[in-house]
Each structure stands twice: as C-alpha cells, then as structure tokens.
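Content type compact mmCIF, C-alpha atoms and all ligand atoms, from the file work-v2.txt:
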```txt
# COMPACT_ATOMS: atom_id res chain seq x y z
CA LEU A 1 -11.31 19.52 24.39
CA GLN A 2 -7.92 18.34 25.64
CA HIS A 3 -9.49 14.96 26.28
CA HIS A 4 -10.44 14.66 22.63
CA PHE A 5 -6.92 15.52 21.53
CA HIS A 6 -5.46 12.79 23.71
CA PRO A 7 -7.99 9.97 23.87
CA ASP A 8 -5.51 7.65 25.59
CA GLN A 9 -4.48 9.93 28.41
CA GLY A 10 -5.28 8.74 31.88
CA GLU A 11 -7.24 5.75 30.67
CA ASP A 12 -6.66 2.17 31.52
CA ASN A 13 -6.44 0.33 28.22
CA ALA A 14 -6.45 -3.17 29.65
CA ASP A 15 -10.12 -3.79 28.84
CA ARG A 16 -10.24 -1.91 25.56
CA GLU A 17 -10.37 -3.84 22.34
CA VAL A 18 -7.07 -3.82 20.43
CA PRO A 19 -8.08 -2.07 17.21
CA THR A 20 -6.89 -2.75 13.66
CA LYS A 21 -6.81 0.97 13.10
CA ASP A 22 -7.69 3.99 15.15
CA TYR A 23 -7.71 7.27 13.24
CA ALA A 24 -8.41 9.33 16.36
CA ARG A 25 -5.14 8.10 17.85
CA GLN A 26 -3.25 9.01 14.69
CA TYR A 27 -4.54 12.56 14.75
CA ALA A 28 -4.62 13.06 18.51
CA GLY A 29 -1.30 14.89 18.76
CA LEU A 30 -1.71 16.75 15.47
CA VAL A 31 -5.03 18.54 15.88
CA PRO A 32 -3.86 21.99 17.07
CA GLU A 33 -1.18 22.36 14.34
CA LEU A 34 -3.44 20.90 11.70
CA LEU A 35 -6.25 23.31 12.50
CA GLU A 36 -3.80 26.18 12.07
CA ASP A 37 -2.59 24.79 8.74
CA ILE A 38 -6.14 24.36 7.49
CA ALA A 39 -7.05 27.91 8.50
CA GLU A 40 -3.94 29.16 6.69
CA ALA A 41 -4.93 27.24 3.55
CA LEU A 42 -8.54 28.41 3.66
CA LEU A 43 -7.48 32.03 3.94
CA HIS A 44 -4.36 32.10 1.76
CA ASP A 45 -4.12 29.11 -0.58
CA ASN A 46 -5.88 27.99 -3.75
CA PRO A 47 -8.42 25.19 -3.18
CA ILE A 48 -7.27 23.55 -6.44
CA LEU A 49 -3.56 22.74 -6.93
CA GLY A 50 -2.58 25.13 -4.16
CA LYS A 51 0.88 25.79 -2.73
CA ALA A 52 0.33 22.94 -0.26
CA VAL A 53 0.10 20.48 -3.17
CA GLN A 54 3.37 21.67 -4.67
CA GLU A 55 5.02 21.61 -1.25
CA PHE A 56 3.86 18.05 -0.66
CA GLU A 57 4.99 16.88 -4.08
CA GLU A 58 8.48 18.27 -3.50
CA LYS A 59 8.78 16.87 0.01
CA PHE A 60 7.35 13.47 -0.89
CA ALA A 61 9.72 13.14 -3.86
CA THR A 62 12.68 14.00 -1.62
CA ALA A 63 11.56 11.65 1.15
CA MET A 64 11.11 8.80 -1.33
CA GLY A 65 14.41 9.43 -3.15
CA SER A 66 12.61 10.29 -6.39
CA ALA A 67 13.21 13.01 -8.98
CA PHE A 68 9.48 13.80 -9.30
CA ALA A 69 6.20 13.22 -7.48
CA VAL A 70 2.81 14.18 -8.88
CA GLY A 71 -0.22 14.21 -6.56
CA VAL A 72 -3.46 12.65 -7.77
CA ASN A 73 -6.82 11.70 -6.33
CA SER A 74 -6.13 8.08 -5.33
CA GLY A 75 -3.81 5.11 -5.70
CA THR A 76 -6.12 3.64 -8.32
CA ASP A 77 -5.89 6.84 -10.36
CA ALA A 78 -2.11 6.84 -9.93
CA LEU A 79 -2.00 3.42 -11.61
CA ILE A 80 -4.43 4.43 -14.37
CA LEU A 81 -2.81 7.78 -15.23
CA GLY A 82 0.67 6.27 -15.04
CA MET A 83 -0.21 3.44 -17.41
CA GLN A 84 -1.90 5.84 -19.82
CA GLN A 85 1.15 8.08 -19.80
CA ALA A 86 3.33 5.01 -20.46
CA GLY A 87 1.20 4.35 -23.55
CA ILE A 88 -0.46 1.21 -22.21
CA GLY A 89 -3.95 0.50 -23.54
CA LYS A 90 -6.10 -1.70 -25.75
CA GLY A 91 -4.44 -4.86 -27.00
CA ASP A 92 -1.64 -4.69 -24.45
CA GLU A 93 -0.96 -7.23 -21.74
CA VAL A 94 0.21 -6.25 -18.27
CA ILE A 95 1.58 -8.90 -15.91
CA THR A 96 0.93 -8.67 -12.19
CA GLN A 97 0.48 -10.94 -9.19
CA ALA A 98 -2.74 -12.75 -8.26
CA ASN A 99 -2.38 -11.91 -4.57
CA THR A 100 -2.66 -8.16 -5.13
CA PHE A 101 -5.48 -5.95 -3.87
CA PHE A 102 -8.04 -5.85 -6.68
CA ALA A 103 -7.44 -2.15 -7.51
CA THR A 104 -4.30 -3.15 -9.44
CA ILE A 105 -6.40 -5.40 -11.69
CA SER A 106 -9.15 -2.79 -12.07
CA ALA A 107 -6.63 -0.19 -13.18
CA ILE A 108 -5.16 -2.48 -15.85
CA ARG A 109 -8.61 -3.25 -17.22
CA LEU A 110 -9.79 0.36 -17.02
CA VAL A 111 -6.98 1.50 -19.35
CA GLY A 112 -8.18 -1.18 -21.78
CA ALA A 113 -5.31 -3.63 -21.26
CA THR A 114 -5.51 -7.30 -20.24
CA PRO A 115 -4.15 -8.40 -16.86
CA ILE A 116 -1.98 -11.52 -17.06
CA LEU A 117 -1.58 -12.96 -13.59
CA VAL A 118 1.20 -14.93 -11.96
CA ASP A 119 1.38 -16.51 -8.52
CA CYS A 120 3.28 -15.23 -5.52
CA LEU A 121 6.01 -17.29 -3.91
CA GLU A 122 5.28 -20.05 -1.44
CA GLU A 123 7.25 -18.39 1.33
CA SER A 124 6.31 -14.76 0.75
CA PRO A 125 3.75 -12.52 -0.97
CA ALA A 126 6.37 -11.41 -3.53
CA MET A 127 5.71 -12.17 -7.21
CA ASP A 128 7.17 -15.36 -8.69
CA ILE A 129 9.56 -14.02 -11.32
CA ASP A 130 10.02 -17.44 -12.95
CA GLN A 131 6.32 -17.36 -13.79
CA VAL A 132 6.61 -13.84 -15.23
CA GLU A 133 9.21 -15.09 -17.68
CA ALA A 134 6.86 -17.93 -18.65
CA VAL A 135 3.83 -15.75 -19.53
CA VAL A 136 5.50 -12.95 -21.52
CA THR A 137 4.12 -12.68 -25.08
CA PRO A 138 4.70 -10.18 -27.90
CA LYS A 139 1.71 -8.26 -26.50
CA THR A 140 3.25 -7.80 -23.05
CA LYS A 141 3.90 -4.13 -22.33
CA ALA A 142 4.61 -3.98 -18.62
CA VAL A 143 5.04 -5.83 -15.34
CA ILE A 144 3.53 -4.38 -12.16
CA ALA A 145 5.38 -5.50 -9.03
CA VAL A 146 3.14 -5.02 -5.98
CA HIS A 147 4.85 -4.63 -2.62
CA MET A 148 2.09 -6.38 -0.68
CA HIS A 149 1.68 -5.77 3.05
CA GLY A 150 4.72 -3.46 3.00
CA LEU A 151 6.93 -6.49 2.40
CA VAL A 152 9.16 -5.79 -0.56
CA ASN A 153 9.44 -7.64 -3.86
CA PRO A 154 13.09 -8.26 -4.70
CA MET A 155 13.57 -5.88 -7.64
CA SER A 156 16.98 -6.27 -9.25
CA ARG A 157 16.28 -9.51 -11.16
CA ILE A 158 12.89 -8.38 -12.46
CA GLU A 159 14.34 -5.01 -13.45
CA THR A 160 17.13 -6.68 -15.43
CA TYR A 161 14.61 -8.99 -17.07
CA CYS A 162 12.22 -6.16 -18.03
CA ARG A 163 15.08 -4.08 -19.42
CA ARG A 164 16.27 -6.99 -21.57
CA GLN A 165 12.76 -7.70 -22.87
CA GLY A 166 11.88 -4.04 -23.46
CA LEU A 167 9.03 -4.13 -20.91
CA TRP A 168 8.09 -1.30 -18.57
CA LEU A 169 8.64 -2.17 -14.92
CA LEU A 170 5.94 -0.51 -12.82
CA GLU A 171 5.53 -0.58 -9.04
CA ASP A 172 2.33 -0.57 -7.00
CA CYS A 173 3.59 0.91 -3.72
CA ALA A 174 0.17 1.57 -2.14
CA GLN A 175 1.20 -0.54 0.86
CA ALA A 176 4.90 0.27 1.00
CA HIS A 177 5.68 3.99 1.44
CA GLY A 178 9.31 4.31 2.47
CA ALA A 179 10.26 0.63 2.03
CA MET A 180 13.56 -0.24 0.34
CA ASP A 181 14.48 -3.15 -1.86
CA GLU A 182 17.44 -5.51 -1.53
CA ASP A 183 19.83 -2.93 -3.03
CA GLY A 184 18.62 -0.19 -0.69
CA VAL A 185 16.67 1.45 -3.53
CA PRO A 186 13.43 3.10 -2.30
CA VAL A 187 10.34 1.39 -3.72
CA GLY A 188 8.66 3.27 -6.53
CA THR A 189 11.85 4.68 -8.03
CA ARG A 190 13.24 1.80 -10.10
CA GLY A 191 10.54 1.43 -12.68
CA ARG A 192 8.88 3.77 -15.17
CA PHE A 193 6.67 4.96 -12.33
CA GLY A 194 5.63 4.04 -8.81
CA ALA A 195 1.98 4.40 -7.75
CA PHE A 196 1.16 5.36 -4.15
CA SER A 197 -2.14 5.58 -2.28
CA PHE A 198 -2.75 7.86 0.71
CA HIS A 199 -6.04 6.20 1.61
CA PRO A 200 -6.38 6.81 5.36
CA SER A 201 -5.54 3.19 6.15
CA LYS A 202 -2.13 3.26 4.42
CA ASN A 203 1.24 3.86 6.10
CA LEU A 204 0.99 7.49 4.98
CA GLY A 205 -2.68 8.45 5.00
CA ALA A 206 -4.65 11.57 4.18
CA PHE A 207 -8.05 12.32 5.74
CA GLY A 208 -9.83 11.00 2.67
CA ASP A 209 -8.69 9.71 -0.71
CA ALA A 210 -5.39 10.80 -2.22
CA GLY A 211 -2.50 9.32 -4.19
CA ALA A 212 0.72 10.11 -6.02
CA ILE A 213 2.98 8.95 -8.82
CA LEU A 214 6.75 8.89 -8.54
CA CYS A 215 8.78 9.09 -11.73
CA GLN A 216 12.30 9.97 -12.79
CA GLU A 217 11.66 11.78 -16.08
CA PHE A 218 10.54 15.40 -16.32
CA ASN A 219 8.40 14.74 -19.40
CA PHE A 220 6.62 11.84 -17.77
CA ALA A 221 5.79 14.01 -14.74
CA GLU A 222 4.53 16.80 -17.00
CA GLY A 223 2.34 14.31 -18.87
CA ILE A 224 0.77 13.19 -15.60
CA ARG A 225 0.22 16.82 -14.59
CA GLN A 226 -1.81 17.29 -17.78
CA ARG A 227 -3.72 14.04 -17.46
CA ARG A 228 -4.77 14.70 -13.87
CA ASN A 229 -5.98 18.19 -14.83
CA LEU A 230 -8.57 17.44 -17.53
CA GLY A 231 -5.80 16.88 -20.08
CA LYS A 232 -5.03 20.58 -20.28
CA SER A 233 -1.57 21.68 -21.39
CA GLY A 234 -2.30 25.38 -21.01
CA LYS A 235 -5.19 27.44 -19.73
CA HIS A 236 -7.24 26.82 -22.89
CA GLN A 237 -5.07 24.22 -24.60
CA GLN A 238 -6.02 20.58 -24.89
CA GLU A 239 -3.68 17.98 -26.41
CA VAL A 240 -4.82 14.79 -24.69
CA LEU A 241 -7.98 13.54 -23.01
CA GLY A 242 -7.65 13.69 -19.27
CA TRP A 243 -9.31 12.66 -16.06
CA ASN A 244 -9.95 15.17 -13.37
CA SER A 245 -7.83 13.60 -10.66
CA LYS A 246 -5.97 16.20 -8.68
CA LEU A 247 -4.62 15.87 -5.16
CA ASP A 248 -6.83 18.21 -3.09
CA THR A 249 -5.12 21.16 -1.43
CA LEU A 250 -6.71 20.25 1.92
CA GLN A 251 -5.48 16.65 1.68
CA ALA A 252 -2.01 17.98 0.85
CA VAL A 253 -2.21 20.10 4.02
CA VAL A 254 -2.88 16.94 6.04
CA LEU A 255 -0.14 15.01 4.23
CA ASN A 256 2.40 17.80 4.81
CA ARG A 257 1.78 17.45 8.55
CA ARG A 258 2.03 13.67 8.49
CA LEU A 259 4.92 13.06 6.11
CA PRO A 260 7.64 14.10 8.62
CA SER A 261 6.69 11.23 10.95
CA LEU A 262 6.49 8.53 8.25
CA ALA A 263 10.04 7.25 8.76
CA LYS A 264 9.59 7.08 12.54
CA GLU A 265 6.20 5.36 12.17
CA ASN A 266 7.67 2.81 9.75
CA MET A 267 10.42 2.13 12.27
CA ARG A 268 7.79 1.63 14.96
CA ARG A 269 5.97 -0.84 12.66
CA ARG A 270 9.22 -2.79 12.21
CA THR A 271 9.75 -2.80 15.97
CA LEU A 272 6.24 -4.13 16.60
CA ALA A 273 6.67 -6.71 13.82
CA GLY A 274 9.89 -7.84 15.51
CA ARG A 275 8.02 -8.16 18.80
CA TYR A 276 5.38 -10.32 17.10
CA SER A 277 7.93 -12.40 15.21
CA ARG A 278 10.13 -13.17 18.22
CA ALA A 279 7.10 -14.35 20.20
CA LEU A 280 5.24 -16.21 17.45
CA HIS A 281 7.85 -17.74 15.15
CA SER A 282 7.79 -21.26 16.52
CA LEU A 283 4.09 -21.76 17.25
CA GLU A 284 2.67 -24.90 15.74
CA GLY A 285 0.51 -24.32 12.66
CA LEU A 286 1.31 -20.60 12.49
CA ARG A 287 3.41 -18.98 9.75
CA ILE A 288 4.76 -15.50 10.36
CA PRO A 289 5.58 -13.05 7.54
CA THR A 290 9.20 -12.94 6.42
CA ALA A 291 10.87 -10.14 4.52
CA ALA A 292 13.09 -10.99 1.52
CA PRO A 293 16.80 -10.85 2.49
CA GLY A 294 18.29 -7.38 2.47
CA THR A 295 14.98 -5.56 2.01
CA THR A 296 13.63 -2.93 4.41
CA PRO A 297 9.93 -3.70 4.88
CA VAL A 298 7.39 -1.28 6.33
CA PHE A 299 4.76 -3.79 7.58
CA HIS A 300 1.59 -2.16 6.30
CA HIS A 301 0.07 -5.38 7.64
CA TYR A 302 1.43 -8.20 9.78
CA PRO A 303 -0.13 -11.16 7.92
CA VAL A 304 0.16 -14.59 9.55
CA LEU A 305 -1.03 -17.83 8.00
CA HIS A 306 -2.97 -20.48 9.90
CA PRO A 307 -4.99 -23.41 8.54
CA LYS A 308 -7.78 -22.52 11.00
CA ARG A 309 -7.72 -18.83 10.17
CA ASP A 310 -11.42 -18.19 10.84
CA GLU A 311 -11.30 -19.89 14.22
CA LEU A 312 -8.19 -17.92 15.12
CA GLY A 313 -9.96 -14.68 14.17
CA ASP A 314 -13.01 -15.56 16.28
CA PHE A 315 -10.81 -16.56 19.20
CA LEU A 316 -8.90 -13.28 19.04
CA LEU A 317 -12.12 -11.28 18.89
CA ALA A 318 -13.39 -13.07 22.00
CA LYS A 319 -10.14 -11.97 23.68
CA GLY A 320 -10.69 -8.36 22.63
CA VAL A 321 -8.37 -8.36 19.61
CA ARG A 322 -9.62 -7.19 16.24
CA SER A 323 -7.82 -8.86 13.32
CA SER A 324 -8.54 -8.38 9.62
CA LEU A 325 -8.38 -10.21 6.28
CA HIS A 326 -6.11 -9.01 3.42
CA TYR A 327 -7.69 -10.43 1.29
CA PRO A 328 -10.00 -13.44 1.57
CA VAL A 329 -10.85 -13.69 -2.15
CA PRO A 330 -7.82 -13.74 -4.48
CA SER A 331 -8.02 -11.38 -7.46
CA HIS A 332 -8.35 -14.10 -10.09
CA LEU A 333 -11.48 -15.52 -8.40
CA GLN A 334 -13.30 -12.18 -8.12
CA PRO A 335 -16.46 -11.88 -10.25
CA ALA A 336 -14.93 -8.87 -12.05
CA ALA A 337 -12.05 -11.06 -13.27
CA ILE A 338 -13.88 -14.27 -14.07
CA ASP A 339 -13.73 -13.69 -17.85
CA LEU A 340 -9.92 -13.76 -17.67
CA GLY A 341 -10.30 -17.54 -17.55
CA TYR A 342 -8.51 -18.34 -14.31
CA VAL A 343 -9.99 -20.96 -12.01
CA LYS A 344 -9.57 -22.26 -8.48
CA GLY A 345 -6.17 -23.92 -8.49
CA SER A 346 -4.63 -21.49 -11.00
CA PHE A 347 -2.51 -19.81 -8.32
CA PRO A 348 -2.18 -22.09 -5.29
CA HIS A 349 0.07 -19.82 -3.21
CA ALA A 350 -2.18 -16.78 -3.64
CA GLU A 351 -5.19 -18.99 -2.87
CA ARG A 352 -3.55 -20.31 0.28
CA ARG A 353 -2.81 -16.76 1.44
CA ALA A 354 -6.45 -15.84 0.82
CA ALA A 355 -7.70 -18.92 2.70
CA GLN A 356 -5.23 -18.90 5.61
CA GLY A 357 -4.12 -15.27 5.93
CA LEU A 358 -5.04 -13.19 8.95
CA SER A 359 -3.61 -9.75 9.68
CA LEU A 360 -2.83 -9.05 13.32
CA PRO A 361 -3.26 -5.47 14.56
CA MET A 362 -0.44 -3.36 13.09
CA ALA A 363 -0.16 0.40 13.42
CA ALA A 364 2.52 2.78 14.63
CA GLU A 365 0.24 4.03 17.38
CA LEU A 366 -0.33 0.62 18.99
CA HIS A 367 1.04 0.33 22.51
CA ASP A 368 3.52 -2.42 23.45
CA GLU A 369 1.00 -3.78 25.99
CA GLU A 370 -1.60 -4.10 23.26
CA VAL A 371 0.76 -6.07 21.07
CA ASP A 372 1.59 -8.25 24.08
CA ARG A 373 -2.14 -8.93 24.54
CA VAL A 374 -2.36 -9.96 20.88
CA ILE A 375 0.66 -12.22 21.32
CA ALA A 376 -0.80 -13.86 24.43
CA ALA A 377 -4.09 -14.51 22.61
CA VAL A 378 -2.39 -16.02 19.54
CA GLN A 379 -0.22 -18.21 21.76
CA ALA A 380 -3.26 -19.37 23.73
CA PHE A 381 -5.04 -20.30 20.49
CA CYS A 382 -2.11 -22.19 18.99
CA GLN A 383 -1.39 -24.06 22.20
CA GLY A 384 -5.08 -24.90 22.58
CA ALA A 385 -5.38 -25.90 18.92
CA LYS A 386 -2.47 -28.30 19.39
CA ALA A 387 -3.89 -29.88 22.52
C1 LIG B 401 -5.02 0.65 -1.54
C2 LIG B 401 -4.42 0.01 -2.72
C3 LIG B 401 -4.65 0.48 -4.02
C4 LIG B 401 -5.67 1.54 -4.33
O1 LIG B 401 -5.46 2.74 -3.71
P1 LIG B 401 -6.71 3.74 -3.54
O2 LIG B 401 -6.08 5.00 -3.06
O3 LIG B 401 -7.63 3.14 -2.52
O4 LIG B 401 -7.34 3.90 -4.88
C5 LIG B 401 -3.97 -0.12 -5.08
N1 LIG B 401 -3.14 -1.15 -4.87
C6 LIG B 401 -2.90 -1.66 -3.64
C7 LIG B 401 -1.93 -2.78 -3.48
C8 LIG B 401 -3.54 -1.11 -2.52
O5 LIG B 401 -3.33 -1.62 -1.31
```

How does this structure look as structure tokens?
Amino acid sequence: LQHHFHPDQGEDNADREVPTKDYARQYAGLVPELLEDIAEALLHDNPILGKAVQEFEEKFATAMGSAFAVGVNSGTDALILGMQQAGIGKGDEVITQANTFFATISAIRLVGATPILVDCLEESPAMDIDQVEAVVTPKTKAVIAVHMHGLVNPMSRIETYCRRQGLWLLEDCAQAHGAMDEDGVPVGTRGRFGAFSFHPSKNLGAFGDAGAILCQEFNFAEGIRQRRNLGKSGKHQQEVLGWNSKLDTLQAVVLNRRLPSLAKENMRRRTLAGRYSRALHSLEGLRIPTAAPGTTPVFHHYPVLHPKRDELGDFLLAKGVRSSLHYPVPSHLQPAAIDLGYVKGSFPHAERRAAQGLSLPMAAELHDEEVDRVIAAVQAFCQGAKA
C-alpha cells in the first residue's frame, strides 16, 4: 500500500518518460488524510451543498483576495452562470481573445450572445487591447480577459477602458489560480466576476469536474447561488430559471485538502519556468514565454514557439519527453465558430501560436532532473535543427 502512496520512492526515474501530468504523483502524499476526510463527509456531511462546500468557498475567496466565491460544477458553468447573472444574453456582444480555449466561446454562445474576437499580442498570449477598442459597438456588453497559460493579461488599462465605456470586465481565470496582475491585484477580482475551473489538469484541480465564481457583490453571489441550484430562492420558491450546477461536496473535500498547497505549487511552477527560461532563452528558432512586466504568473503551461513545432514534439517524445499542444486549432477556425465569419488570417498572432506552440512538461510535482532532461532534449533539437 505504501508503495502506491509514494510511487516515486526508491525508483530510478532516469528511464521514465517525463509526463505532462501525473495525477498519482499529485495525490501520493495526500491519500491517508483524504481518505479520512471522505469518510468524515460520508458519515457526517450533506452530499449536496454540504459543509465542505461552504468551507471551500470561504477559504478560496480568502486565498484569492475576493469578497465572495461560489462553487459550481465546472469552469464552463462558471462563465455561463456569471454572464447570465450579469444580464448578458441574446443580442449582446461579448469581446474575447481568439487564442482562448474554446470553452470561453462556447459559454458566450450558450447564453445567447455573440462572441466578437480580437487577436492576442505578438509577444505574449495577452489580449490586444487596441483591437478591443476597435471592435466595440453599441451592442457590446462585456469583455472577457483570459489569462492564458497562467500568464497574466495586464488589467489596469482594460479596466479603465471598460469602466469608461460602461462595459462589464469579466475574467476567465481557468488557467491562472493565484496569479496577480501588474498592480498586484489577484486575477478574478477586478471585474464583475472571475470564472475558475478545477478540472483536474488545472493549477488547483479536483478529482473530477468543478469550478467557482469570484465576485465582490453580495447580491451577485446570491444570484449565482440561486442559478446553480435550479433557480430556487427558497425551498419551494422559484424566481429565475436555473441550471443544476453545484460544486459537489466530495469535490469540495478534495479541494479543501489541496488549496493549502496552491501557493507553494505555483511558486514551484515559477521556479521550474525560470529553470527552463534560463536554459532556453537564446536557442535559435525557439521563443520562450514571457510574463507581462510586474505580473505574477502561475505557469499553468510553459508554451514555447518553434517553426518546426511538430518535429520538436516528435523529437522530444523519442527522448522520453511528453509535450502537449495548447491549442493547435485557434478558436475562430473551429467548426463550431465558423458562422462567426472569421477566416484564416483574421488573427495572425493567435494562428501563429496555434501553429508553432508546444507546451513543455510543467507541473509542481516534476523533479529538477526531469526538467533538466527536457532542457537537454530541447537544446539537442535546436542545435541539430540549426546544423
Ligand atoms: C479549462 C478551461 C475552461 C473550462 O473549464 P471546465 O472546468 O473544463 O469547464 C474555460 N476557459 C479556459 C481558458 C480553460 O482553460
């Protein structure tokens, strides 16, 4: 049994593949405590909206510097319920960035609104604010800034702009739990709401789907609490239509165990990113990710760009390193967005990231030696590619 709790102990890792993610490693040290917590919940808590959910909401809000947090079923639902509560729907336009994960676009369309896309910057995955200003119309209701890869969108200029124009600023923080913007403000707390995902792959993951909304107004939080719970405002009282999208008690139990190590794990991600960046910054053909000045990123991914991305990926795999793609098809070229009228060439920077982007292994539980093996393999490829 002990062996299962500590899969790394006493093993020589030199020949093991460097994984992109390894859930067993994440849970290895937590199993005994977690089993106790689960037993406690099974015997003494409510399976629906139990004490563990309330405890998590309070602790997550505090950890994120937010007045309120409301737990929901997923990051996608967090976006949908948040937009509905903000009164966004049919006939409205919502601006977001073409390089986002498609769930942002799905959520906008599922509330009945139209996504209006802008490109990211050339030098970073942050949204191009000049383009936002160019596409605002009288129908625009909101701007969703997406903190892609755990790199942070600079927020103060877009916030000022949205305030002046009377637009809601919303944040998709599914990849950026605990990151801070250029003014030291935690992501998810500047706008009307911040949407978070606890999909197992995220910086803070449950053992299954889960999500949360951060907001600063009591009434907004209460509205979300109704909408996630079938729209009920009392036991038998129904004022709005609602999804059924509650954070499960058992997922909250897992999240309560994992939340205390989030800050340390984010620090570890920054340390590993620094290790990558110092070793890889001057390789020919390779572009490393750079954080906007003054921001505190949390490196959900470590995305490099290389013109021969596919060859680099194959080369790494042959060397026992598993990389991944985030994301090879930009949102505006997905079949589910084709009727929006964008074409190849609409957003060149997002398209380049899709064509050239490769995420190197990045996880708090990676060992230094594993990162060094990744570095050696990337260096070998770039030096070979040059020759
Ligand atoms: C993961 C993710 C989502 C969706 O979260 P789910 O919990 O999987 O629904 C939304 N936006 C971004 C940027 C994401 O990375």

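With only C-alpha atoms as the basis for measurement, A:Val378 is the residue among A:Leu366, A:Val253, A:Cys173, A:Val378 that approaches A:Leu317 most closely.
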
Residues within 10 Å of (-4.3, -14.0, 10.3), counting all atoms listed in the file, listed as JSON, numbers by chain: {"A": [286, 287, 288, 302, 303, 304, 305, 306, 307, 308, 309, 310, 311, 312, 313, 316, 323, 324, 325, 326, 353, 354, 355, 356, 357, 358, 359, 360, 361, 378]}

Go through chain A residue by residue and, counting all atoms listed in the file, keep those with an atom at most 8 Å from ligand LIG 401 (chain B); for each kept residue give the shortest atom pair and its distance in Å to one decimal, ordered by chain and increasing number, as CSV.
```
residue,atom,partner,partner_atom,distance
A:Asn73,CA,B:LIG401,O2,7.5
A:Ser74,CA,B:LIG401,O2,3.8
A:Gly75,CA,B:LIG401,O2,3.5
A:Thr76,CA,B:LIG401,O4,3.7
A:Asp77,CA,B:LIG401,O4,6.4
A:Ala78,CA,B:LIG401,O4,7.8
A:Leu79,CA,B:LIG401,C5,7.7
A:Thr100,CA,B:LIG401,C7,5.7
A:Phe101,CA,B:LIG401,C7,4.8
A:Phe102,CA,B:LIG401,N1,7.0
A:Ala103,CA,B:LIG401,C5,4.7
A:Thr104,CA,B:LIG401,N1,5.1
A:Val146,CA,B:LIG401,C7,6.1
A:His147,CA,B:LIG401,C7,7.1
A:Met148,CA,B:LIG401,C7,6.1
A:His149,CA,B:LIG401,O5,7.8
A:Asp172,CA,B:LIG401,N1,5.9
A:Cys173,CA,B:LIG401,C7,6.6
A:Ala174,CA,B:LIG401,C8,4.6
A:Gln175,CA,B:LIG401,O5,5.1
A:Ala195,CA,B:LIG401,C5,7.9
A:Phe196,CA,B:LIG401,O1,7.1
A:Ser197,CA,B:LIG401,O2,4.1
A:Phe198,CA,B:LIG401,O2,5.8
A:His199,CA,B:LIG401,O2,4.8
A:Lys202,CA,B:LIG401,C1,7.1
A:Asp209,CA,B:LIG401,O2,5.9
A:Ala210,CA,B:LIG401,O2,5.9
A:Gly211,CA,B:LIG401,O2,5.7
```

May I have the centre and edge lengths, in Å to one decimal, of an axis-aligned box around the listed atoms of stretch 240-250 of chain A with 4 Å added to every side, as AutoDock Vina command-line options?
```
--center_x -7.3 --center_y 16.9 --center_z -11.4 --size_x 13.3 --size_y 16.5 --size_z 34.6
```

Residue nearest A:Gly65 among A:Cys215, A:Ala86, A:Val240, A:Ile80 (counting all atoms listed in the file): A:Cys215

Among listed residues A:Thr296, A:Gln334, A:Asn229, A:Ser156, nearest A:Leu81 (using all atoms listed in the file):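 Checking each candidate against A:Leu81, we get A:Asn229 as the closest.
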
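Among the candidates A:Met64, A:Ala142, A:Val53, A:Leu272, the one nearest to A:Glu369 when counting only C-alpha atoms is A:Leu272.
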
Best match for closeness to A:Gly178 among A:Glu239, A:Glu265, A:Glu36, A:Asp92, counting all atoms listed in the file: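 The closest residue to A:Gly178 is A:Glu265.
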
For atom CA of A:Met362 and atom CA of A:Pro19, the interatomic separation in Å (one decimal):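 Calculated distance between atom CA of A:Met362 and atom CA of A:Pro19 is 8.8 Å.
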
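Of the listed residues (A:Ala363, A:Ile224, A:Val187, A:Val111), A:Ala363 comes nearest to A:Met267; the distances count only C-alpha atoms.
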
Between atom CA of A:Arg258 and atom CA of A:Phe193, distance in Å (one decimal):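 A separation of 23.0 Å between them.
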